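A.B. asks: Below is the structure I would like to discuss, written out as structure tokens.
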Amino acid sequence: MSLPGTNIEFQNGALGQVVPLPDGCFGVITMADEVPTTFVHETPYVVKSMKDVADLGITDTVGNHVLYKFLDEFFTEGGSGQELWIMAFPKLDAAIPVKMSDLFTAVSGEVPVAKLMNAANGKLRGLFAL
């Protein structure tokens, strides 16, 4: 006897993997330290696991603690395989007076966060600002 409203799908080879969601994925905008040549400011990156995070050189340092903690908790809860887009900007500094709200405000006709949204090609369904 089947359960009403329940649909169980058997997929070959999908054991232990995250099934792609038709709802899209999330993006993260943060102010963090860059890692030369692997994690550069104002460049969109897609990560699907903590291995991808390590490959970018993002570690639990003072300058990247908030981002690293968020990514660790995201993949602990959601599991590896879920696509997450990240883009970092320079941290607040007296020499660079940038606020988080400035990333969502048009400067010279372009919104800085639009670069991430364009790179994701319409997949993003939400943005986290850290």
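Simple scheme: letters A, B, ... for chains in structure tokens order, numbers from 1 for residues in each chain, numbers from 1 for ligands in the order shown.
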Please extract the residues of stretch 45-112 of chain A with a backbone DSSP assignment of strand (DSSP E) and present them as number ranges by chain.

C.D. replies: A: 45-47, 84-89

A.B. asks: With only C-alpha atoms as the counted atoms, please give the residues lying no more than 10 Å from A:Val40, apart from itself and same-chain residues fewer than 5 positions off, as a count of residues only.

C.D. replies: 10

A.B. asks: Could you find all residues in stretch 46-85 of chain A that DSSP calls alpha helix (DSSP H) from the backbone, and write them as a list of chain:residue names?

C.D. replies: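 Matching residues for alpha helix (DSSP H) in stretch 46-85 of chain A are A:Met50, A:Lys51, A:Asp52, A:Val53, A:Ala54, A:Asp55, A:His65, A:Val66, A:Leu67, A:Tyr68, A:Lys69, A:Phe70, A:Leu71, A:Asp72, A:Glu73, A:Phe74, A:Phe75, A:Thr76, A:Glu77, A:Gly78.
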
A.B. asks: Now that the selection is made, can you save its residues with N, CA and C atoms as a PDB file, in the first residue's frame?

C.D. replies:
```pdb
ATOM      1  N   MET A  50      33.711  21.512   1.670  1.00  0.00           N
ATOM      2  CA  MET A  50      34.802  22.129   2.408  1.00  0.00           C
ATOM      3  C   MET A  50      36.138  21.867   1.709  1.00  0.00           C
ATOM      4  N   LYS A  51      36.203  20.864   0.875  1.00  0.00           N
ATOM      5  CA  LYS A  51      37.419  20.627   0.086  1.00  0.00           C
ATOM      6  C   LYS A  51      37.619  21.780  -0.895  1.00  0.00           C
ATOM      7  N   ASP A  52      36.530  22.221  -1.529  1.00  0.00           N
ATOM      8  CA  ASP A  52      36.616  23.376  -2.435  1.00  0.00           C
ATOM      9  C   ASP A  52      37.045  24.628  -1.680  1.00  0.00           C
ATOM     10  N   VAL A  53      36.550  24.777  -0.450  1.00  0.00           N
ATOM     11  CA  VAL A  53      36.916  25.920   0.392  1.00  0.00           C
ATOM     12  C   VAL A  53      38.419  25.869   0.685  1.00  0.00           C
ATOM     13  N   ALA A  54      38.922  24.679   1.027  1.00  0.00           N
ATOM     14  CA  ALA A  54      40.354  24.519   1.292  1.00  0.00           C
ATOM     15  C   ALA A  54      41.175  24.781   0.033  1.00  0.00           C
ATOM     16  N   ASP A  55      40.669  24.358  -1.120  1.00  0.00           N
ATOM     17  CA  ASP A  55      41.378  24.592  -2.384  1.00  0.00           C
ATOM     18  C   ASP A  55      41.515  26.089  -2.682  1.00  0.00           C
ATOM     19  N   HIS A  65      37.563  34.454   9.618  1.00  0.00           N
ATOM     20  CA  HIS A  65      36.857  33.611  10.584  1.00  0.00           C
ATOM     21  C   HIS A  65      35.357  33.540  10.318  1.00  0.00           C
ATOM     22  N   VAL A  66      34.720  34.670  10.103  1.00  0.00           N
ATOM     23  CA  VAL A  66      33.263  34.690   9.901  1.00  0.00           C
ATOM     24  C   VAL A  66      32.882  33.896   8.647  1.00  0.00           C
ATOM     25  N   LEU A  67      33.596  34.106   7.557  1.00  0.00           N
ATOM     26  CA  LEU A  67      33.321  33.376   6.319  1.00  0.00           C
ATOM     27  C   LEU A  67      33.563  31.885   6.496  1.00  0.00           C
ATOM     28  N   TYR A  68      34.682  31.517   7.084  1.00  0.00           N
ATOM     29  CA  TYR A  68      35.018  30.105   7.267  1.00  0.00           C
ATOM     30  C   TYR A  68      33.980  29.414   8.149  1.00  0.00           C
ATOM     31  N   LYS A  69      33.598  30.065   9.234  1.00  0.00           N
ATOM     32  CA  LYS A  69      32.608  29.472  10.144  1.00  0.00           C
ATOM     33  C   LYS A  69      31.277  29.273   9.426  1.00  0.00           C
ATOM     34  N   PHE A  70      30.848  30.269   8.637  1.00  0.00           N
ATOM     35  CA  PHE A  70      29.606  30.148   7.887  1.00  0.00           C
ATOM     36  C   PHE A  70      29.678  28.970   6.916  1.00  0.00           C
ATOM     37  N   LEU A  71      30.778  28.881   6.150  1.00  0.00           N
ATOM     38  CA  LEU A  71      30.927  27.804   5.177  1.00  0.00           C
ATOM     39  C   LEU A  71      30.959  26.433   5.853  1.00  0.00           C
ATOM     40  N   ASP A  72      31.657  26.341   6.970  1.00  0.00           N
ATOM     41  CA  ASP A  72      31.731  25.077   7.706  1.00  0.00           C
ATOM     42  C   ASP A  72      30.347  24.649   8.185  1.00  0.00           C
ATOM     43  N   GLU A  73      29.584  25.575   8.750  1.00  0.00           N
ATOM     44  CA  GLU A  73      28.233  25.247   9.222  1.00  0.00           C
ATOM     45  C   GLU A  73      27.298  24.941   8.059  1.00  0.00           C
ATOM     46  N   PHE A  74      27.442  25.662   6.951  1.00  0.00           N
ATOM     47  CA  PHE A  74      26.600  25.428   5.783  1.00  0.00           C
ATOM     48  C   PHE A  74      26.775  24.003   5.269  1.00  0.00           C
ATOM     49  N   PHE A  75      28.021  23.572   5.102  1.00  0.00           N
ATOM     50  CA  PHE A  75      28.267  22.236   4.560  1.00  0.00           C
ATOM     51  C   PHE A  75      28.086  21.138   5.603  1.00  0.00           C
ATOM     52  N   THR A  76      28.188  21.473   6.881  1.00  0.00           N
ATOM     53  CA  THR A  76      27.881  20.485   7.927  1.00  0.00           C
ATOM     54  C   THR A  76      26.393  20.175   7.907  1.00  0.00           C
ATOM     55  N   GLU A  77      25.571  21.199   7.770  1.00  0.00           N
ATOM     56  CA  GLU A  77      24.112  21.009   7.751  1.00  0.00           C
ATOM     57  C   GLU A  77      23.613  20.491   6.404  1.00  0.00           C
ATOM     58  N   GLY A  78      24.087  21.080   5.312  1.00  0.00           N
ATOM     59  CA  GLY A  78      23.569  20.746   3.988  1.00  0.00           C
ATOM     60  C   GLY A  78      24.276  19.603   3.293  1.00  0.00           C
TER      61      GLY A  78
END
```

A.B. asks: Provide the atom CA of A:Leu130 to atom CA of A:His41 distance in Å, to one decimal place.

C.D. replies: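 Interatomic distance, atom CA of A:Leu130 to atom CA of A:His41: 14.5 Å.
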
A.B. asks: Report the distance between atom CA of A:Phe104 and atom CA of A:Lys123 in Å, rounded to one decimal place.

C.D. replies: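 About the pair atom CA of A:Phe104 and atom CA of A:Lys123: they are 18.3 Å apart.
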
A.B. asks: Determine, counting only C-alpha atoms, which protein, DNA and RNA residues have an atom within 9 Å of an atom of A:Arg125; residues of the same chain fewer than 5 positions away are not included. Present the result as a PyMOL selection string.

C.D. replies: chain A and resi 23-27

A.B. asks: Using Å and a single decimal, report how far atom CA of A:Lys48 sits from atom CA of A:Glu110.

C.D. replies: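 That distance, rounded to one decimal, is 28.2 Å.
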